[in-house]
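For reference, run_24.txt (compact mmCIF, C-alpha atoms):
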```txt
# COMPACT_ATOMS: atom_id res chain seq x y z
CA MET O 9 -70.72 -85.70 -43.72
CA LEU O 10 -67.05 -85.29 -42.90
CA PRO O 11 -66.40 -86.61 -39.38
CA ASP O 12 -63.10 -85.40 -37.97
CA HIS O 13 -61.42 -88.75 -37.36
CA HIS O 14 -59.56 -91.24 -39.51
CA THR O 15 -59.86 -94.69 -37.98
CA GLN O 16 -62.96 -95.98 -39.72
CA ALA O 17 -64.06 -96.17 -43.35
CA ARG O 18 -67.12 -94.19 -44.38
CA PRO O 19 -70.23 -96.04 -45.61
CA PRO O 20 -69.93 -96.63 -49.37
CA TYR O 21 -72.21 -95.05 -51.96
CA PHE O 22 -73.49 -97.20 -54.84
CA HIS O 23 -74.74 -95.66 -58.06
CA ALA O 24 -74.95 -96.95 -61.63
CA GLY O 25 -72.34 -99.69 -61.26
CA LEU O 26 -69.94 -97.54 -59.19
CA LEU O 27 -69.13 -98.30 -55.55
CA LEU O 28 -67.72 -95.13 -54.03
CA GLY O 29 -65.95 -95.26 -50.67
CA ILE O 30 -64.95 -92.06 -48.84
CA GLU O 31 -62.33 -91.85 -46.08
CA HIS O 32 -61.54 -88.63 -44.21
CA GLN O 33 -57.97 -88.08 -42.97
CA SER O 34 -56.69 -85.25 -40.81
CA GLN O 35 -53.08 -86.46 -40.99
CA ALA O 36 -51.02 -88.47 -43.47
CA ASP O 37 -51.00 -92.26 -43.08
CA ARG O 38 -48.12 -94.05 -44.77
CA HIS O 39 -50.10 -97.31 -45.02
CA MET O 40 -53.32 -95.68 -46.25
CA ALA O 41 -53.23 -97.69 -49.50
CA LEU O 42 -53.27 -100.97 -47.56
CA ARG O 43 -56.15 -99.80 -45.36
CA ILE O 44 -58.04 -98.70 -48.46
CA GLY O 45 -57.69 -102.25 -49.79
CA THR O 46 -59.30 -103.60 -46.62
CA TYR O 47 -62.18 -101.11 -46.87
CA ARG O 48 -62.71 -101.89 -50.55
CA HIS O 49 -62.97 -105.63 -49.98
CA LEU O 50 -65.35 -105.20 -47.03
CA GLN O 51 -67.59 -102.94 -49.09
CA LEU O 52 -67.68 -105.42 -51.96
CA GLU O 53 -68.52 -108.20 -49.50
CA SER O 54 -71.38 -106.08 -48.20
CA PHE O 55 -72.61 -105.53 -51.75
CA ILE O 56 -72.53 -109.27 -52.46
CA GLN O 57 -74.60 -110.03 -49.36
CA GLY O 58 -77.27 -107.51 -50.36
CA HIS O 59 -77.69 -108.60 -53.99
CA GLU O 60 -78.65 -111.72 -55.85
CA SER O 61 -75.99 -114.30 -56.61
CA GLY O 62 -74.45 -113.73 -60.02
CA SER O 63 -75.05 -109.96 -60.03
CA PRO O 64 -72.16 -108.08 -61.64
CA LEU O 65 -69.92 -106.37 -59.13
CA PRO O 66 -69.78 -102.58 -59.16
CA LEU O 67 -66.55 -100.81 -59.98
CA PRO O 68 -64.98 -99.67 -56.69
CA MET O 69 -63.48 -96.22 -56.29
CA MET O 70 -61.91 -94.99 -53.05
CA LEU O 71 -61.57 -91.31 -52.21
CA VAL O 72 -59.42 -89.93 -49.40
CA LEU O 73 -60.41 -86.43 -48.31
CA TYR O 74 -57.40 -84.89 -46.60
CA SER O 75 -57.93 -81.88 -44.32
CA GLY O 76 -54.48 -81.60 -42.71
CA LYS O 77 -52.18 -78.60 -42.98
CA GLN O 78 -48.98 -80.51 -43.81
CA THR O 79 -48.28 -81.89 -47.28
CA TRP O 80 -49.61 -85.42 -47.82
CA ASN O 81 -46.51 -87.60 -48.29
CA ALA O 82 -47.93 -91.14 -48.15
CA PRO O 83 -47.89 -93.40 -51.23
CA THR O 84 -51.20 -93.58 -53.09
CA ARG O 85 -50.37 -97.08 -54.43
CA SER O 86 -49.88 -100.05 -52.13
CA GLN O 87 -47.23 -101.61 -54.40
CA ASP O 88 -44.96 -98.64 -53.63
CA LEU O 89 -44.77 -99.85 -50.01
CA PHE O 90 -42.96 -103.03 -51.01
CA PRO O 91 -39.37 -103.49 -52.23
CA LYS O 92 -38.82 -103.72 -55.96
CA LEU O 93 -38.13 -107.42 -56.55
CA GLY O 94 -37.41 -108.98 -59.90
CA PRO O 95 -37.91 -112.56 -61.13
CA PRO O 96 -38.39 -115.18 -59.89
CA TRP O 97 -40.52 -113.36 -57.33
CA PRO O 98 -44.14 -113.40 -58.59
CA ALA O 99 -45.05 -109.73 -58.93
CA ASP O 100 -48.76 -110.59 -59.02
CA HIS O 101 -48.58 -111.56 -55.35
CA ILE O 102 -47.89 -107.97 -54.30
CA PRO O 103 -51.16 -106.21 -53.30
CA LYS O 104 -52.17 -103.54 -55.79
CA GLN O 105 -54.50 -100.97 -54.26
CA THR O 106 -54.81 -97.29 -55.00
CA TYR O 107 -56.97 -94.33 -54.04
CA LEU O 108 -57.76 -90.85 -55.23
CA LEU O 109 -56.44 -88.18 -52.87
CA ILE O 110 -58.35 -84.89 -52.57
CA ASP O 111 -56.40 -82.30 -50.60
CA LEU O 112 -59.01 -79.90 -49.22
CA LYS O 113 -56.44 -77.20 -48.46
CA LYS O 114 -55.07 -77.23 -52.02
CA GLN O 115 -58.60 -77.15 -53.40
CA THR O 116 -59.21 -73.84 -51.65
CA LEU O 117 -56.59 -72.38 -54.00
CA ASN O 118 -58.10 -74.03 -57.08
CA HIS O 119 -59.41 -71.09 -59.11
CA SER O 120 -60.85 -73.34 -61.84
CA LEU O 121 -63.90 -74.08 -59.65
CA GLN O 122 -66.74 -71.60 -59.31
CA PRO O 123 -66.87 -69.68 -55.99
CA ALA O 124 -70.39 -71.06 -55.36
CA ASN O 125 -69.34 -74.65 -56.08
CA LEU O 126 -70.46 -76.69 -53.06
CA PHE O 127 -67.27 -78.75 -52.95
CA MET O 128 -65.20 -75.56 -53.07
CA LEU O 129 -67.27 -74.10 -50.23
CA ILE O 130 -66.67 -77.17 -48.07
CA CYS O 131 -62.93 -76.90 -48.71
CA ARG O 132 -62.96 -73.23 -47.73
CA ILE O 133 -65.02 -73.86 -44.60
CA GLN O 134 -62.46 -76.49 -43.59
CA HIS O 135 -59.68 -73.90 -43.95
CA ASN O 136 -61.60 -70.74 -43.06
CA GLN O 137 -59.81 -67.52 -42.10
CA GLY O 138 -61.87 -66.65 -39.05
CA LEU O 139 -65.41 -66.13 -37.82
CA ALA O 140 -66.37 -63.47 -40.35
CA HIS O 141 -65.11 -65.62 -43.23
CA LEU O 142 -66.83 -68.73 -41.85
CA ASN O 143 -70.09 -66.80 -41.47
CA GLU O 144 -69.86 -65.57 -45.07
CA LEU O 145 -69.14 -69.08 -46.40
CA MET O 146 -72.10 -70.61 -44.57
CA GLN O 147 -74.41 -67.95 -45.99
CA THR O 148 -73.16 -68.82 -49.49
CA VAL O 149 -73.89 -72.50 -48.78
CA LEU O 150 -77.45 -71.60 -47.73
CA ASP O 151 -77.90 -69.54 -50.91
CA THR O 152 -76.46 -72.33 -53.08
CA CYS O 153 -77.87 -75.56 -51.65
CA SER O 154 -81.57 -76.41 -51.18
CA ASP O 155 -81.13 -80.07 -50.19
CA MET O 156 -82.30 -80.16 -46.55
CA THR O 157 -80.62 -83.50 -45.83
CA LEU O 158 -77.29 -82.23 -47.11
CA LEU O 159 -77.66 -78.99 -45.15
CA ARG O 160 -78.36 -80.99 -41.99
CA ASP O 161 -75.22 -83.08 -42.54
CA LEU O 162 -73.17 -79.96 -43.20
CA ALA O 163 -74.46 -78.38 -39.99
CA ALA O 164 -73.45 -81.48 -38.00
CA TRP O 165 -69.99 -81.39 -39.58
CA VAL O 166 -69.51 -77.69 -38.85
CA ASN O 167 -70.63 -78.17 -35.25
CA GLN O 168 -68.47 -81.24 -34.60
CA ALA O 169 -65.37 -80.62 -36.72
CA ILE O 170 -65.06 -76.88 -37.42
CA LEU O 171 -66.32 -74.94 -34.39
CA PRO O 172 -64.21 -76.88 -31.84
CA ARG O 173 -61.12 -75.52 -33.63
CA CYS O 174 -62.31 -71.94 -33.05
CA PRO O 175 -60.99 -70.07 -30.01
CA PRO O 176 -61.81 -71.74 -26.65
CA ASN O 177 -65.08 -71.79 -24.72
CA LEU O 178 -67.25 -71.72 -27.85
CA ASP O 179 -70.12 -73.97 -26.77
CA LEU O 180 -73.09 -74.08 -29.16
CA PRO O 181 -76.15 -76.31 -28.75
CA GLN O 182 -76.02 -79.56 -30.70
CA HIS O 183 -78.21 -80.41 -33.71
CA LEU O 184 -78.56 -76.82 -34.92
CA HIS O 185 -79.52 -76.02 -38.49
CA LEU O 186 -76.81 -74.34 -40.56
CA LYS O 187 -78.73 -71.05 -40.64
CA ASP O 188 -79.03 -71.13 -36.83
CA ILE O 189 -75.26 -71.62 -36.45
CA ARG O 190 -74.63 -68.76 -38.86
CA ALA O 191 -77.06 -66.50 -36.97
CA MET O 192 -75.40 -67.27 -33.62
CA LEU O 193 -71.97 -66.54 -35.06
CA GLU O 194 -73.20 -63.23 -36.46
CA ASP O 195 -75.02 -62.17 -33.28
CA ASN O 196 -72.20 -63.05 -30.88
CA SER O 197 -69.05 -62.50 -32.95
CA ASP O 198 -68.27 -59.09 -31.41
CA SER O 199 -68.48 -60.31 -27.81
CA TRP O 200 -66.58 -63.50 -28.62
CA LEU O 201 -63.83 -61.58 -30.39
CA HIS O 202 -63.52 -59.22 -27.41
CA GLN O 203 -63.31 -62.20 -25.04
CA TRP O 204 -60.70 -63.99 -27.18
CA GLU O 205 -58.67 -60.78 -27.54
CA ALA O 206 -58.63 -60.37 -23.76
CA GLN O 207 -57.61 -64.00 -23.31
CA GLY O 208 -54.86 -63.55 -25.88
CA ILE O 209 -53.50 -60.48 -24.11
CA GLN O 210 -53.55 -62.30 -20.77
CA LYS O 211 -51.75 -65.31 -22.21
CA GLY O 212 -49.19 -63.01 -23.84
CA LEU O 213 -48.50 -61.24 -20.56
CA GLN O 214 -48.14 -64.52 -18.69
CA LYS O 215 -45.78 -65.86 -21.34
CA GLY O 216 -43.70 -62.68 -21.25
CA LEU O 217 -43.46 -62.72 -17.45
CA GLN O 218 -42.42 -66.36 -17.49
CA LYS O 219 -39.70 -65.70 -20.07
CA GLY O 220 -38.43 -62.72 -18.04
CA LEU O 221 -38.30 -64.79 -14.85
CA GLN O 222 -36.42 -67.57 -16.64
CA ALA O 223 -33.88 -65.06 -17.97
CA GLN O 224 -33.39 -63.64 -14.45
CA GLN O 225 -32.83 -67.14 -13.05
CA ASP O 226 -30.32 -68.02 -15.78
CA THR O 227 -28.39 -64.77 -15.33
CA LEU O 228 -28.04 -65.21 -11.56
CA ALA O 229 -26.96 -68.85 -12.02
CA ARG O 230 -24.19 -67.77 -14.43
CA LEU O 231 -22.95 -65.07 -12.02
CA ILE O 232 -22.86 -67.51 -9.12
CA ARG O 233 -20.91 -70.08 -11.16
CA HIS O 234 -18.47 -67.38 -12.21
CA LYS O 235 -17.79 -66.41 -8.60
CA PHE O 236 -18.08 -69.72 -6.72
CA GLY O 237 -17.83 -72.43 -9.36
CA LYS O 238 -20.27 -75.31 -9.84
CA LEU O 239 -23.77 -74.75 -8.50
CA PRO O 240 -25.06 -77.63 -6.30
CA ASN O 241 -28.35 -79.27 -7.29
CA ALA O 242 -30.11 -78.00 -4.16
CA ARG O 243 -29.18 -74.40 -4.95
CA ARG O 244 -30.13 -74.86 -8.60
CA GLN O 245 -33.55 -76.06 -7.45
CA GLN O 246 -33.91 -72.95 -5.27
CA LEU O 247 -33.22 -70.75 -8.27
CA SER O 248 -35.75 -72.57 -10.47
CA THR O 249 -38.60 -72.05 -7.98
CA ALA O 250 -37.77 -68.51 -6.84
CA ASN O 251 -39.85 -65.47 -7.77
CA SER O 252 -38.49 -62.22 -9.16
CA ARG O 253 -38.27 -60.45 -5.79
CA GLN O 254 -36.24 -63.29 -4.24
CA LEU O 255 -33.92 -63.43 -7.25
CA THR O 256 -33.28 -59.71 -6.97
CA ALA O 257 -32.42 -60.05 -3.27
CA TRP O 258 -29.98 -62.90 -3.98
CA SER O 259 -28.38 -60.89 -6.79
CA LEU O 260 -27.64 -58.00 -4.38
CA GLN O 261 -26.29 -60.38 -1.72
CA LEU O 262 -24.00 -61.96 -4.31
CA LEU O 263 -22.07 -58.67 -4.55
CA ASP O 264 -20.80 -58.87 -0.94
CA ALA O 265 -20.97 -62.63 -0.33
CA ASN O 266 -17.76 -64.48 0.51
CA THR O 267 -19.40 -67.93 0.35
CA LEU O 268 -22.22 -69.49 -1.60
CA ASP O 269 -24.31 -69.89 1.55
CA GLU O 270 -24.19 -66.15 2.13
CA VAL O 271 -25.85 -65.60 -1.26
CA PHE O 272 -28.91 -67.60 -0.24
CA GLN O 273 -28.93 -66.43 3.39
CA PRO O 274 -32.20 -64.71 4.40
CA SER O 275 -31.79 -60.96 4.17
CA ALA O 276 -32.86 -60.34 7.79
CA SER O 277 -30.12 -62.59 9.18
CA ARG O 278 -27.28 -61.03 7.20
CA PRO O 279 -24.98 -58.76 9.23
CA ARG O 280 -25.10 -55.18 8.07
CA LYS O 281 -21.86 -53.66 6.92
CA SER O 282 -20.74 -50.74 9.02
CA SER O 283 -21.03 -47.39 7.35
CA ARG O 284 -17.91 -45.38 6.70
CA ASN O 285 -17.46 -41.86 7.93
```
For the structure just supplied, provide its representation as structure tokens.
Amino acid sequence: MLPDHHTQARPPYFHAGLLLGIEHQSQADRHMALRIGTYRHLQLESFIQGHESGSPLPLPMMLVLYSGKQTWNAPTRSQDLFPKLGPPWPADHIPKQTYLLIDLKKQTLNHSLQPANLFMLICRIQHNQGLAHLNELMQTVLDTCSDMTLLRDLAAWVNQAILPRCPPNLDLPQHLHLKDIRAMLEDNSDSWLHQWEAQGIQKGLQKGLQKGLQAQQDTLARLIRHKFGKLPNARRQQLSTANSRQLTAWSLQLLDANTLDEVFQPSASRPRKSSRN
């Protein structure tokens, strides 16, 4: 229903003289209005080929469903992409295309729609607040909608566009019914949350250790420059690849070193200072 890409127009829907085209965007496209014009003309051409000659053309309407997090800042009218030129330039030669933008994130905050409104539910699923919230929303969809074809399309969308954005290593079988996806989320949410929490702690520890090592490298580099001046590239490379234990050893050797080479000299080869009585 809502594939998560934005390089191809969706198949149009024709009903009662209205030709409705739907395009899904996950990021703003400055030239969307021009692309919409191309889609509109192709859809009208397709309509002409499938109907008798002389049939009245349907009224085209183009919708852009936007699921991105950033504010949509692209013009909704193609004429806004061109410079404002006065006579004698023929204004009618400037393409005039427009589209209706539906921001799914903003719609989740639209309190004028009923909580069980299917469109509202789709918007909230797109911007869910976690597994428990997603599970609750899908149950509401199942309670609200009885159209099996629509439920199948929604399940495909959730599987392809929503679940991949959940924490990593979430691999569900393809072509599941929406109720099966909801049941798997409910049955496995505790173990998944525990796994993701452990992964998050591990990543946090690794990030903290890396930041601490970088700070230790930077501090030693500043001390060496203060004592011996400019640090050669070869020595700078040694610092950038050293571990914490090696950096500590070099920091201690810096205290007694008379030359830069003595700082980086292996500890075992350094002469020991005689002890004082």
Checklist line | Shortest interatomic distance to Leu139 of chain O - which of O:Ala265, O:Met40, O:Ala191, O:Leu28, counting only C-alpha atoms | finding: O:Ala191
Check: Between atom CA of Leu73 of chain O and atom CA of Gln33 of chain O, what is the distance, to one decimal in Å?
Finding: 6.1 Å
Next item on the list: Point out the residue among O:Tyr107, O:Trp258, O:Phe127, O:Trp80 with the least atom-to-atom distance to Phe272 of chain O, counting all atoms listed in the file.
Entry: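 Using all atoms listed in the file, Phe272 of chain O sits closest to O:Trp258.
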Note to self: Which residue is closest to Met192 of chain O? Choose from O:Met70, O:Leu221, O:Ala140, O:Leu65 and count all atoms listed in the file.
What the structure shows: O:Ala140
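Comparing O:Pro123, O:Asn167, O:His39, O:Leu50 by their smallest distance to Thr106 of chain O, the closest is O:His39 (using all atoms listed in the file).
The nearest approach to Thr116 of chain O among the residues O:Ala99, O:Leu262, O:Ile189, O:Met128, with all atoms listed in the file taken into account, belongs to O:Met128.
Coordinates place atom CA of Leu150 of chain O at a distance of 21.8 Å from atom CA of Leu117 of chain O.
Going from atom CA of Ser34 of chain O to atom CA of Leu71 of chain O covers 13.8 Å.
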Next item on the list: For each of O:Ile110, O:Ala169, O:Gln222, O:Arg190, take the minimum atom-to-atom distance to Val149 of chain O, counting all atoms listed in the file, then give the residue where this is smallest.
Entry: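 With all atoms listed in the file as the atom set, the closest residue is O:Arg190.
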Margin query: Residues within 9 Å of Lys113 of chain O, please, as a list in words. Count all atoms listed in the file; anything in the same chain fewer than 5 positions from it doesn't count.
Written below: Tyr74, Ser75, Gly76, Lys77, Cys131, Arg132, Gln134 and His135 of chain O
I need the residues from that last selection saved to file as a JSON list (two decimals), in the frame of the given file (with C-alpha atoms), if you can.
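The file below, part-v6.json, is the result:
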```
[["chain", "number", "residue", "atom", "x", "y", "z"],
["O", 74, "TYR", "CA", -57.40, -84.89, -46.60],
["O", 75, "SER", "CA", -57.93, -81.88, -44.32],
["O", 76, "GLY", "CA", -54.48, -81.60, -42.71],
["O", 77, "LYS", "CA", -52.18, -78.60, -42.98],
["O", 131, "CYS", "CA", -62.93, -76.90, -48.71],
["O", 132, "ARG", "CA", -62.96, -73.23, -47.73],
["O", 134, "GLN", "CA", -62.46, -76.49, -43.59],
["O", 135, "HIS", "CA", -59.68, -73.90, -43.95]]
```
Note to self: So that I can see what lies close to Gln147 of chain O, please list as number ranges by chain the residues with an atom at most 10 Å from it, counting all atoms listed in the file and leaving out residues fewer than 5 positions away in the same chain.
What the structure shows: O: 141-142, 152, 186-187, 190-191
Deliver the residues from the most recent selection as a file, using C-alpha atoms, as a compact mmCIF listing (two decimals), in the coordinates of the input.
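Wrote it out as result.txt, contents follow:
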```txt
# COMPACT_ATOMS: atom_id res chain seq x y z
CA HIS O 141 -65.11 -65.62 -43.23
CA LEU O 142 -66.83 -68.73 -41.85
CA THR O 152 -76.46 -72.33 -53.08
CA LEU O 186 -76.81 -74.34 -40.56
CA LYS O 187 -78.73 -71.05 -40.64
CA ARG O 190 -74.63 -68.76 -38.86
CA ALA O 191 -77.06 -66.50 -36.97
```
Next item on the list: Give me the residues within 10 Å of Cys153 of chain O as a ChimeraX atom specification, counting all atoms listed in the file and dropping any in the same chain fewer than 3 places off.
Entry: /O:124-126,148-150,156,158-159
